[in-house]
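Peer 1: So here's start.tsv (TSV, C-alpha atoms and all ligand atoms).
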chain	number	residue	atom	x	y	z
A	73	THR	CA	120.11	70.93	100.00
A	74	ASP	CA	118.19	72.10	103.08
A	75	SER	CA	119.74	75.52	102.90
A	76	ASP	CA	118.73	75.93	99.24
A	77	THR	CA	115.14	75.05	100.19
A	78	ALA	CA	115.27	77.53	103.06
A	79	ASP	CA	116.60	80.30	100.77
A	80	GLU	CA	113.94	79.50	98.19
A	81	ALA	CA	111.21	79.89	100.84
A	82	VAL	CA	112.71	83.26	101.84
A	83	ARG	CA	112.82	84.41	98.20
A	84	ALA	CA	109.14	83.51	97.84
A	85	THR	CA	108.26	86.00	100.61
A	86	CYS	CA	108.69	88.89	98.16
A	87	ASP	CA	105.51	87.73	96.41
A	88	ASP	CA	103.59	87.70	99.71
A	89	ALA	CA	104.52	91.28	100.49
A	90	SER	CA	103.72	92.54	97.00
A	91	THR	CA	100.51	90.51	96.69
A	92	CYS	CA	99.22	92.05	99.92
A	93	LYS	CA	100.25	95.53	98.75
A	94	ARG	CA	98.58	94.90	95.39
A	95	PHE	CA	95.32	93.94	97.08
A	96	ALA	CA	95.34	96.87	99.52
A	97	THR	CA	96.06	99.40	96.75
A	98	SER	CA	93.25	97.91	94.63
A	99	LYS	CA	90.92	98.78	97.54
A	100	GLY	CA	92.27	102.32	97.72
A	101	TYR	CA	94.28	102.09	100.97
A	102	TRP	CA	97.04	104.08	99.27
A	103	ARG	CA	98.05	104.77	95.67
A	104	ASP	CA	100.59	102.68	93.79
A	105	PRO	CA	100.14	102.80	90.01
A	106	TYR	CA	103.22	100.61	89.42
A	107	ILE	CA	102.64	97.50	91.54
A	108	GLN	CA	100.19	96.09	88.92
A	109	TYR	CA	103.16	95.63	86.57
A	110	PHE	CA	104.89	93.32	89.05
A	111	ILE	CA	101.78	91.50	90.35
A	112	ARG	CA	99.26	91.23	87.57
A	113	SER	CA	96.13	90.03	89.32
A	114	VAL	CA	94.54	91.47	92.45
A	115	GLY	CA	94.27	87.99	93.90
A	116	GLU	CA	92.32	86.69	96.86
A	117	ARG	CA	90.69	89.01	99.31
A	118	LYS	CA	92.79	89.89	102.36
A	119	ALA	CA	91.27	90.58	105.78
A	120	PRO	CA	90.79	94.28	106.67
A	121	GLU	CA	93.30	94.09	109.53
A	122	ILE	CA	95.96	92.87	107.10
A	123	ASN	CA	95.23	95.77	104.75
A	124	ARG	CA	95.36	98.27	107.61
A	125	GLY	CA	98.63	96.74	108.77
A	126	TYR	CA	100.16	97.20	105.33
A	127	TYR	CA	98.80	100.74	105.21
A	128	ALA	CA	100.59	101.58	108.48
A	129	ARG	CA	103.78	99.86	107.28
A	130	VAL	CA	103.89	101.75	103.98
A	131	GLN	CA	102.92	105.14	105.47
A	132	GLY	CA	105.32	104.76	108.39
A	133	VAL	CA	108.31	103.75	106.28
A	134	ASN	CA	107.58	106.35	103.59
A	135	HIS	CA	107.31	109.07	106.22
A	136	LEU	CA	110.83	108.41	107.54
A	137	LEU	CA	112.28	107.85	104.06
A	138	ASP	CA	110.82	111.03	102.57
A	139	ALA	CA	111.88	113.10	105.59
A	140	PHE	CA	115.47	111.93	105.14
A	141	ILE	CA	115.50	112.72	101.42
A	142	ARG	CA	113.98	116.17	102.02
A	143	ARG	CA	116.54	117.01	104.71
A	144	ALA	CA	119.32	116.06	102.31
A	145	GLU	CA	117.57	117.98	99.50
A	146	CYS	CA	117.88	114.82	97.39
A	147	ASN	CA	121.67	114.99	97.65
A	148	CYS	CA	121.77	111.48	99.02
A	149	GLN	CA	121.56	107.79	98.19
A	150	VAL	CA	119.01	105.17	99.12
A	151	ILE	CA	119.86	101.47	99.40
A	152	ASN	CA	116.85	99.17	99.67
A	153	LEU	CA	118.16	95.86	101.08
A	154	GLY	CA	116.01	92.84	100.17
A	155	ALA	CA	113.88	95.13	97.99
A	156	GLY	CA	111.91	92.34	96.32
A	157	LEU	CA	109.37	93.85	93.92
A	158	ASP	CA	109.21	97.18	95.76
A	159	THR	CA	108.06	100.23	93.72
A	160	THR	CA	109.54	103.07	95.79
A	161	PHE	CA	111.91	104.21	93.01
A	162	TRP	CA	108.93	105.01	90.74
A	163	ARG	CA	107.01	106.78	93.52
A	164	LEU	CA	109.98	108.99	94.36
A	165	LYS	CA	110.46	109.89	90.71
A	166	ASP	CA	106.80	110.91	90.35
A	167	GLU	CA	107.01	112.97	93.56
A	168	ASN	CA	110.21	114.73	92.50
A	169	LEU	CA	112.04	113.19	95.42
A	170	LEU	CA	114.59	111.03	93.64
A	171	PRO	CA	117.89	110.74	95.46
A	172	ARG	CA	121.09	111.02	93.42
A	173	LYS	CA	121.04	107.27	93.13
A	174	PHE	CA	118.61	104.60	94.28
A	175	PHE	CA	120.07	101.12	94.82
A	176	GLU	CA	118.21	97.87	95.30
A	177	VAL	CA	119.69	94.57	96.43
A	178	ASP	CA	118.12	91.12	96.49
A	179	PHE	CA	118.97	87.52	95.61
A	180	PRO	CA	120.01	87.14	91.92
A	181	THR	CA	116.89	85.12	91.01
A	182	VAL	CA	114.56	87.75	92.49
A	183	VAL	CA	116.52	90.49	90.70
A	184	ALA	CA	116.27	88.60	87.39
A	185	ARG	CA	112.48	88.47	87.74
A	186	LYS	CA	112.28	92.15	88.59
A	187	ILE	CA	114.47	93.14	85.64
A	188	HIS	CA	112.34	91.04	83.32
A	189	HIS	CA	109.23	93.01	84.41
A	190	ILE	CA	111.05	96.32	83.96
A	191	LYS	CA	112.27	95.37	80.48
A	192	THR	CA	108.86	94.29	79.26
A	193	LYS	CA	106.62	96.98	80.83
A	194	PRO	CA	107.04	100.46	79.31
A	195	PRO	CA	105.59	102.32	82.34
A	196	LEU	CA	108.43	100.81	84.38
A	197	SER	CA	111.28	101.24	81.90
A	198	ARG	CA	110.22	104.77	80.94
A	199	ALA	CA	111.21	106.21	84.33
A	200	ILE	CA	114.67	104.71	84.04
A	201	ILE	CA	115.23	105.96	80.51
A	202	GLU	CA	113.94	109.43	81.41
A	203	THR	CA	116.39	109.78	84.29
A	204	HIS	CA	119.38	108.52	82.31
A	205	SER	CA	121.56	110.86	80.29
A	206	THR	CA	124.15	108.78	78.43
A	207	ASP	CA	124.04	105.71	76.20
A	208	SER	CA	125.71	103.54	78.84
A	209	LEU	CA	122.60	101.97	80.31
A	210	LEU	CA	123.39	98.48	81.61
A	211	LEU	CA	120.42	96.15	81.47
A	212	ASP	CA	121.17	92.45	81.44
A	213	ALA	CA	119.46	89.51	83.07
A	214	HIS	CA	121.09	89.96	86.49
A	215	SER	CA	121.79	93.64	86.92
A	216	LEU	CA	120.50	97.00	85.93
A	217	ASP	CA	122.55	100.17	86.17
A	218	SER	CA	121.50	103.63	85.08
A	219	ASP	CA	122.34	107.15	86.31
A	220	ARG	CA	119.70	107.13	89.05
A	221	PHE	CA	118.64	103.51	89.57
A	222	CYS	CA	120.66	100.36	90.13
A	223	ILE	CA	119.59	96.81	90.96
A	224	ILE	CA	122.15	94.30	92.17
A	225	GLY	CA	121.72	90.56	92.63
A	226	VAL	CA	123.73	89.52	95.66
A	227	ASP	CA	123.26	87.56	98.87
A	228	LEU	CA	123.19	90.05	101.78
A	229	ARG	CA	125.07	87.52	103.90
A	230	ASP	CA	128.09	87.95	101.62
A	231	ILE	CA	129.29	91.38	102.75
A	232	SER	CA	132.47	91.58	100.66
A	233	ASN	CA	130.53	90.82	97.48
A	234	LEU	CA	127.86	93.37	98.46
A	235	ASP	CA	130.46	96.07	99.11
A	236	GLU	CA	132.33	95.31	95.90
A	237	LYS	CA	129.22	95.35	93.68
A	238	LEU	CA	127.82	98.56	95.20
A	239	LYS	CA	131.14	100.33	94.67
A	240	LYS	CA	131.39	99.01	91.13
A	241	PHE	CA	128.08	100.79	90.48
A	242	GLN	CA	129.26	104.14	91.89
A	243	LEU	CA	128.06	103.95	95.44
A	244	ASN	CA	129.49	107.04	97.15
A	245	PRO	CA	130.28	106.51	100.87
A	246	GLU	CA	130.60	110.29	101.33
A	247	LEU	CA	126.95	111.00	100.50
A	248	PRO	CA	124.22	110.89	103.16
A	249	THR	CA	122.77	107.42	102.80
A	250	LEU	CA	119.45	105.90	103.76
A	251	LEU	CA	119.41	102.13	104.15
A	252	LEU	CA	116.07	100.38	104.26
A	253	SER	CA	115.14	96.81	105.13
A	254	GLU	CA	111.51	95.77	105.24
A	255	CYS	CA	110.97	92.24	106.59
A	256	VAL	CA	114.44	91.12	105.57
A	257	LEU	CA	116.78	90.93	108.58
A	258	VAL	CA	114.39	88.56	110.34
A	259	TYR	CA	115.28	85.87	107.77
A	260	MET	CA	118.99	86.13	108.52
A	261	THR	CA	120.86	84.72	111.53
A	262	PRO	CA	121.81	87.28	114.22
A	263	SER	CA	125.46	87.16	113.17
A	264	HIS	CA	124.64	87.76	109.50
A	265	SER	CA	122.37	90.73	110.23
A	266	SER	CA	124.88	92.14	112.74
A	267	ASN	CA	127.59	91.98	110.08
A	268	LEU	CA	125.35	93.84	107.67
A	269	LEU	CA	124.52	96.61	110.17
A	270	HIS	CA	128.16	96.87	111.14
A	271	TRP	CA	129.28	97.13	107.51
A	272	ALA	CA	126.71	99.91	106.93
A	273	ALA	CA	127.87	101.85	110.00
A	274	GLU	CA	131.54	101.52	108.95
A	275	THR	CA	130.87	102.49	105.35
A	276	PHE	CA	128.74	105.64	105.81
A	277	HIS	CA	129.49	108.45	108.27
A	278	THR	CA	126.13	110.16	107.65
A	279	ALA	CA	123.37	107.62	107.41
A	280	MET	CA	120.03	106.42	108.61
A	281	PHE	CA	118.88	102.81	108.67
A	282	ILE	CA	115.15	102.02	108.71
A	283	ASN	CA	114.22	98.49	109.67
A	284	TYR	CA	110.65	97.20	109.65
A	285	GLU	CA	109.95	93.74	111.03
A	286	GLN	CA	108.33	91.56	113.66
A	287	VAL	CA	108.63	92.35	117.38
A	288	ASN	CA	107.32	90.99	120.72
A	289	MET	CA	107.56	87.49	119.32
A	290	SER	CA	107.88	85.60	122.59
A	291	ASP	CA	104.18	85.72	123.49
A	292	ARG	CA	101.48	83.32	122.29
A	293	PHE	CA	100.49	85.45	119.28
A	294	GLY	CA	104.14	85.71	118.23
A	295	GLN	CA	104.53	81.94	118.47
A	296	VAL	CA	101.55	81.46	116.16
A	297	MET	CA	103.10	83.87	113.64
A	298	ILE	CA	106.34	81.85	113.71
A	299	GLU	CA	104.46	78.55	113.32
A	300	ASN	CA	102.53	79.88	110.32
A	301	LEU	CA	105.77	80.76	108.55
A	302	GLN	CA	107.39	77.46	109.48
A	303	ARG	CA	104.51	75.64	107.90
A	304	ARG	CA	105.70	77.18	104.66
A	305	HIS	CA	109.32	76.14	105.36
A	306	CYS	CA	110.24	79.69	106.24
A	307	THR	CA	112.44	80.01	109.32
A	308	LEU	CA	112.74	83.32	111.10
A	309	ALA	CA	116.43	82.83	111.77
A	310	GLY	CA	116.72	86.32	113.21
A	311	VAL	CA	113.78	86.16	115.57
A	312	GLU	CA	116.09	86.66	118.56
A	313	ALA	CA	116.39	90.37	117.75
A	314	CYS	CA	112.59	90.52	117.48
A	315	GLN	CA	111.91	89.89	121.18
A	316	SER	CA	111.37	93.52	122.09
A	317	LEU	CA	111.74	97.11	120.92
A	318	GLU	CA	114.77	97.24	123.17
A	319	SER	CA	116.47	94.31	121.42
A	320	GLN	CA	115.75	95.97	118.05
A	321	ARG	CA	117.56	99.15	119.22
A	322	GLU	CA	120.35	97.22	120.93
A	323	ARG	CA	121.35	95.48	117.72
A	324	PHE	CA	122.06	98.83	116.06
A	325	LEU	CA	123.81	100.37	119.05
A	326	LYS	CA	126.08	97.33	119.34
A	327	ASN	CA	127.06	97.56	115.69
A	328	GLY	CA	128.38	101.08	115.33
A	329	TRP	CA	125.18	103.16	115.17
A	330	GLU	CA	125.04	106.28	117.36
A	331	HIS	CA	121.29	106.58	117.91
A	332	ALA	CA	118.43	104.14	117.60
A	333	ASP	CA	114.69	104.44	118.19
A	334	ALA	CA	111.93	101.88	117.82
A	335	LEU	CA	108.15	102.01	117.89
A	336	ASP	CA	105.62	99.23	117.61
A	337	MET	CA	103.17	99.64	114.73
A	338	MET	CA	100.19	100.27	117.02
A	339	THR	CA	101.98	103.41	118.20
A	340	VAL	CA	102.92	104.31	114.62
A	341	TYR	CA	99.28	103.81	113.58
A	342	SER	CA	98.11	106.27	116.24
A	343	MET	CA	100.63	108.87	115.00
A	344	LEU	CA	99.70	108.77	111.31
A	345	PRO	CA	97.88	111.80	109.81
A	346	ALA	CA	94.35	111.57	111.25
A	347	ASP	CA	92.47	112.72	108.14
A	348	ASP	CA	94.00	110.05	105.92
A	349	VAL	CA	93.55	107.39	108.60
A	350	ALA	CA	89.85	108.35	108.84
A	351	ARG	CA	89.51	108.04	105.05
A	352	MET	CA	91.30	104.70	105.09
A	353	GLU	CA	89.23	103.29	108.00
A	354	ARG	CA	86.03	103.95	106.04
A	355	LEU	CA	87.16	101.72	103.16
A	356	GLU	CA	86.33	98.44	104.88
A	357	PHE	CA	84.44	97.67	108.04
A	358	LEU	CA	86.59	96.16	110.75
A	359	ASP	CA	84.73	94.09	113.27
A	360	GLU	CA	87.55	92.96	115.51
A	361	LYS	CA	89.55	95.97	116.66
A	362	GLU	CA	91.50	93.75	119.06
A	363	LEU	CA	92.83	91.60	116.26
A	364	LEU	CA	94.23	94.68	114.51
A	365	GLU	CA	95.83	95.87	117.76
A	366	GLN	CA	97.40	92.48	118.39
A	367	LEU	CA	98.77	92.32	114.87
A	368	LEU	CA	100.19	95.84	115.01
A	369	GLN	CA	101.80	95.21	118.38
A	370	HIS	CA	103.84	92.46	116.72
A	371	TYR	CA	105.53	94.64	114.11
A	372	SER	CA	107.88	97.56	114.59
A	373	ILE	CA	109.86	100.26	112.87
A	374	CYS	CA	113.34	100.82	114.19
A	375	TRP	CA	115.51	103.63	112.87
A	376	ALA	CA	119.15	104.25	113.63
A	377	SER	CA	121.49	107.01	112.60
A	378	ARG	CA	125.03	108.28	112.27
A	379	ASP	CA	125.33	111.97	111.71
A	380	LYS	CA	128.75	113.40	110.98
A	381	LEU	CA	127.30	116.06	108.65
A	382	SER	CA	124.70	117.07	111.29
A	383	LEU	CA	121.76	116.74	108.97
A	384	GLY	CA	119.58	116.25	112.00
A	385	ASN	CA	119.21	112.54	111.42
A	386	SER	CA	119.67	111.75	115.06
A	387	HIS	CA	116.51	113.52	116.19
A	388	SER	CA	113.96	111.09	117.48
A	389	ASP	CA	110.97	113.38	116.97
A	390	TYR	CA	109.78	112.39	113.54
B	1	LIG	N1	111.30	94.59	101.16
B	1	LIG	C1	110.31	94.08	100.23
B	1	LIG	C2	108.93	94.55	100.60
B	1	LIG	O1	108.73	94.98	101.74
B	1	LIG	O2	108.04	94.49	99.75
B	1	LIG	C3	110.35	92.54	100.18
B	1	LIG	C4	110.10	91.86	101.48
B	1	LIG	S1	110.20	90.08	101.41
B	1	LIG	C5	109.29	89.66	102.86
B	1	LIG	C6	111.90	89.72	101.86
B	1	LIG	C7	112.90	89.95	100.75
B	1	LIG	O3	114.22	89.86	101.27
B	1	LIG	C8	112.79	88.92	99.63
B	1	LIG	O4	112.72	89.57	98.39
B	1	LIG	C9	114.06	88.11	99.79
B	1	LIG	O5	114.53	87.56	98.57
B	1	LIG	C10	115.02	89.14	100.37
B	1	LIG	N2	116.14	88.53	101.12
B	1	LIG	C11	116.06	87.82	102.27
B	1	LIG	N3	117.29	87.36	102.62
B	1	LIG	C12	118.15	87.81	101.68
B	1	LIG	C13	119.55	87.66	101.47
B	1	LIG	N4	120.29	86.93	102.31
B	1	LIG	N5	120.11	88.24	100.39
B	1	LIG	C14	119.36	88.96	99.52
B	1	LIG	N6	118.03	89.13	99.66
B	1	LIG	C15	117.43	88.56	100.72
Please, can you express the file's structure as structure tokens?
Peer 2:
Amino acid sequence: TDSDTADEAVRATCDDASTCKRFATSKGYWRDPYIQYFIRSVGERKAPEINRGYYARVQGVNHLLDAFIRRAECNCQVINLGAGLDTTFWRLKDENLLPRKFFEVDFPTVVARKIHHIKTKPPLSRAIIETHSTDSLLLDAHSLDSDRFCIIGVDLRDISNLDEKLKKFQLNPELPTLLLSECVLVYMTPSHSSNLLHWAAETFHTAMFINYEQVNMSDRFGQVMIENLQRRHCTLAGVEACQSLESQRERFLKNGWEHADALDMMTVYSMLPADDVARMERLEFLDEKELLEQLLQHYSICWASRDKLSLGNSHSDY
């Protein structure tokens, strides 16, 4: 059916994200020793502005994520929604920043692929075995559950199934919880993403939600971005919330979140640690500074919080 084709095109986007990250890390933009096990070959060259954009995305998201985990002294959970082939679990383990439990959710077919890689690549499975204490490790084709890492195959538009599966795998609503979605909500209709944000706000009293996705999509450049995705049968069903930074914040505030802030990625880029940015900018010559600026102005990080335990999650000065 049409909707199966549309979902298949959305599932394929996890390869785009990881292929770009694979290329950028091969050039030294940042370190990720695990992505090679999910995407074997470095692939075609990507333009420098794309690599710099991914650098800003990864550094910006990691900065907020790590700050949350440090404030909670690792006594927290992370739920990566639409995680695709993301490697954050392995990075956090290596940096001694593992939360009590790290959950990932994606479509069952994406999860099956990810689990296959984990099963067959010792550098990936080792981290899971090392952080697991009993003999009850669950590792079948469609789910993985260990003491510290859990991967669930479920459609994020099916909230009752999501809630049920997470609880089945010992999600604890009382723990400070960080929810992360990177280029995921934009593929869902406004009512589906609102339901998801609302469920998260109702479920966790102390939580932060980090959302990275497109913004300022109503101008000419935004239209071209939409057309490029449509050419690959990918519809940005949630593009309505991507009109402005204000509409990004609004969506959280309307769905039970107490505070919300949003920055476009050009602003994030200018706030990143200057010494590492200088190192990164020397990696590849960038001719067209304007192209980078335009690209970065069309992505944003929005973060929202609920803070019953007063962990300081509501502060906007990250
Ligand atoms: N967050 C990852 C990253 O940044 O590398 C992957 C990003 S990829 C662009 C979008 C991911 O969201 C895909 O893996 C896709 O399967 C997942 N996704 C989109 N809609 C979903 C839904 N309704 N249920 C579960 N996963 C979904």
Peer 1: Within 9 Å of ligand LIG 1 (chain B), counting all atoms listed in the file: which residues, as a PyMOL selection string?
Peer 2: chain A and resi 79-90+93+129-130+152-159+177-183+225-230+252-260+264+284
Peer 1: As a ChimeraX atom specification, please: the residues near range 160-176 of chain A (cut-off 7 Å, only C-alpha atoms, same-chain neighbours under 4 positions excluded).
Peer 2: /A:141,146-153,155,199,219-224
Peer 1: Using only C-alpha atoms, I'd like a table of the residues in range 173-211 of chain A that come within 8 Å of range 105-123 of chain A; for each, show the closest atom pair and its distance in Å rounded to one decimal, ordered by chain and ascending number, as a Markdown table.
Peer 2:
| residue | atom | partner | partner_atom | distance |
| --- | --- | --- | --- | --- |
| A:Lys186 | CA | A:Phe110 | CA | 7.5 |
| A:His189 | CA | A:Phe110 | CA | 6.4 |
| A:Lys193 | CA | A:Tyr109 | CA | 6.8 |
| A:Pro195 | CA | A:Tyr106 | CA | 7.7 |
| A:Leu196 | CA | A:Tyr106 | CA | 7.3 |
Peer 1: To one decimal place, how far is CA of Ala78 in chain A from CA of Ile298 in chain A in Å?
Peer 2: 14.6 Å
Peer 1: Env of Tyr101 in chain A: 8 Å cut, atoms = all atoms listed in the file, seq-sep filter 3 positions within chain, self excluded. Answer as a PyMOL selection string.
Peer 2: chain A and resi 96-98+123-124+127+352+355
Peer 1: Those same residues, written as a CSV table (one decimal), in the frame of the given file with C-alpha atoms?
Peer 2:
chain,number,residue,atom,x,y,z
A,96,ALA,CA,95.3,96.9,99.5
A,97,THR,CA,96.1,99.4,96.8
A,98,SER,CA,93.2,97.9,94.6
A,123,ASN,CA,95.2,95.8,104.8
A,124,ARG,CA,95.4,98.3,107.6
A,127,TYR,CA,98.8,100.7,105.2
A,352,MET,CA,91.3,104.7,105.1
A,355,LEU,CA,87.2,101.7,103.2
Peer 1: Hey, which of A:Cys306, A:Leu243, A:Met297, A:His270 ends up closest to Ser75 in chain A? Count all atoms listed in the file.
Peer 2: A:Cys306
Peer 1: Find the residue from A:Pro248, A:Pro345, A:Gly125, A:Pro262 that sits nearest to Glu312 in chain A; use all atoms listed in the file when measuring.
Peer 2: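 Smallest distance to Glu312 in chain A is found for A:Pro262.
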Peer 1: Using all atoms listed in the file, find each residue in range 131-212 of chain A having at least one atom no more than 9 Å away from range 363-379 of chain A; report its shortest atom-to-atom pair and that distance in Å (one decimal), rows by chain then rising number, as a tab-separated table.
Peer 2:
residue	atom	partner	partner_atom	distance
A:Gly132	CA	A:Ile373	CA	7.8
A:Val133	CA	A:Ile373	CA	7.6
A:Leu136	CA	A:Trp375	CA	8.6
Peer 1: CA of Asp138 in chain A and CA of Phe241 in chain A, how far apart in Å?
Peer 2: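 It comes out at 23.4 Å.
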Peer 1: Every residue with an atom at most 12 Å from (129.2, 90.9, 109.2) (file coordinates; all atoms listed in the file) is what I'm after, so could you write them as a VMD selection string?
Peer 2: chain A and resid 228 to 235 260 to 274 327 to 328
Peer 1: Using Å and a single decimal, report how far CA of Lys361 in chain A sits from CA of Gln295 in chain A.
Peer 2: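 Result for CA of Gln295 in chain A versus CA of Lys361 in chain A: 20.6 Å, one decimal.
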Peer 1: Between A:Asp336, A:Glu236, A:Asn300, A:Glu362, which residue has the minimum interatomic distance to Gln286 in chain A, considering only C-alpha atoms?
Peer 2: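 The closest residue to Gln286 in chain A is A:Asp336.
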Peer 1: Determine the nearest neighbour of Leu209 in chain A from the options A:Thr249, A:Thr275, A:Ser197, A:Thr339, counting all atoms listed in the file.
Peer 2: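 Of the candidates, the smallest distance to Leu209 in chain A is held by A:Ser197.
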Peer 1: Ranking A:Ser205, A:Gln320, A:Gln315, A:Thr73 by minimum distance to Leu335 in chain A and counting only C-alpha atoms, which one comes first?
Peer 2: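 When distances to Leu335 in chain A are compared using only C-alpha atoms, the smallest one comes from A:Gln320.
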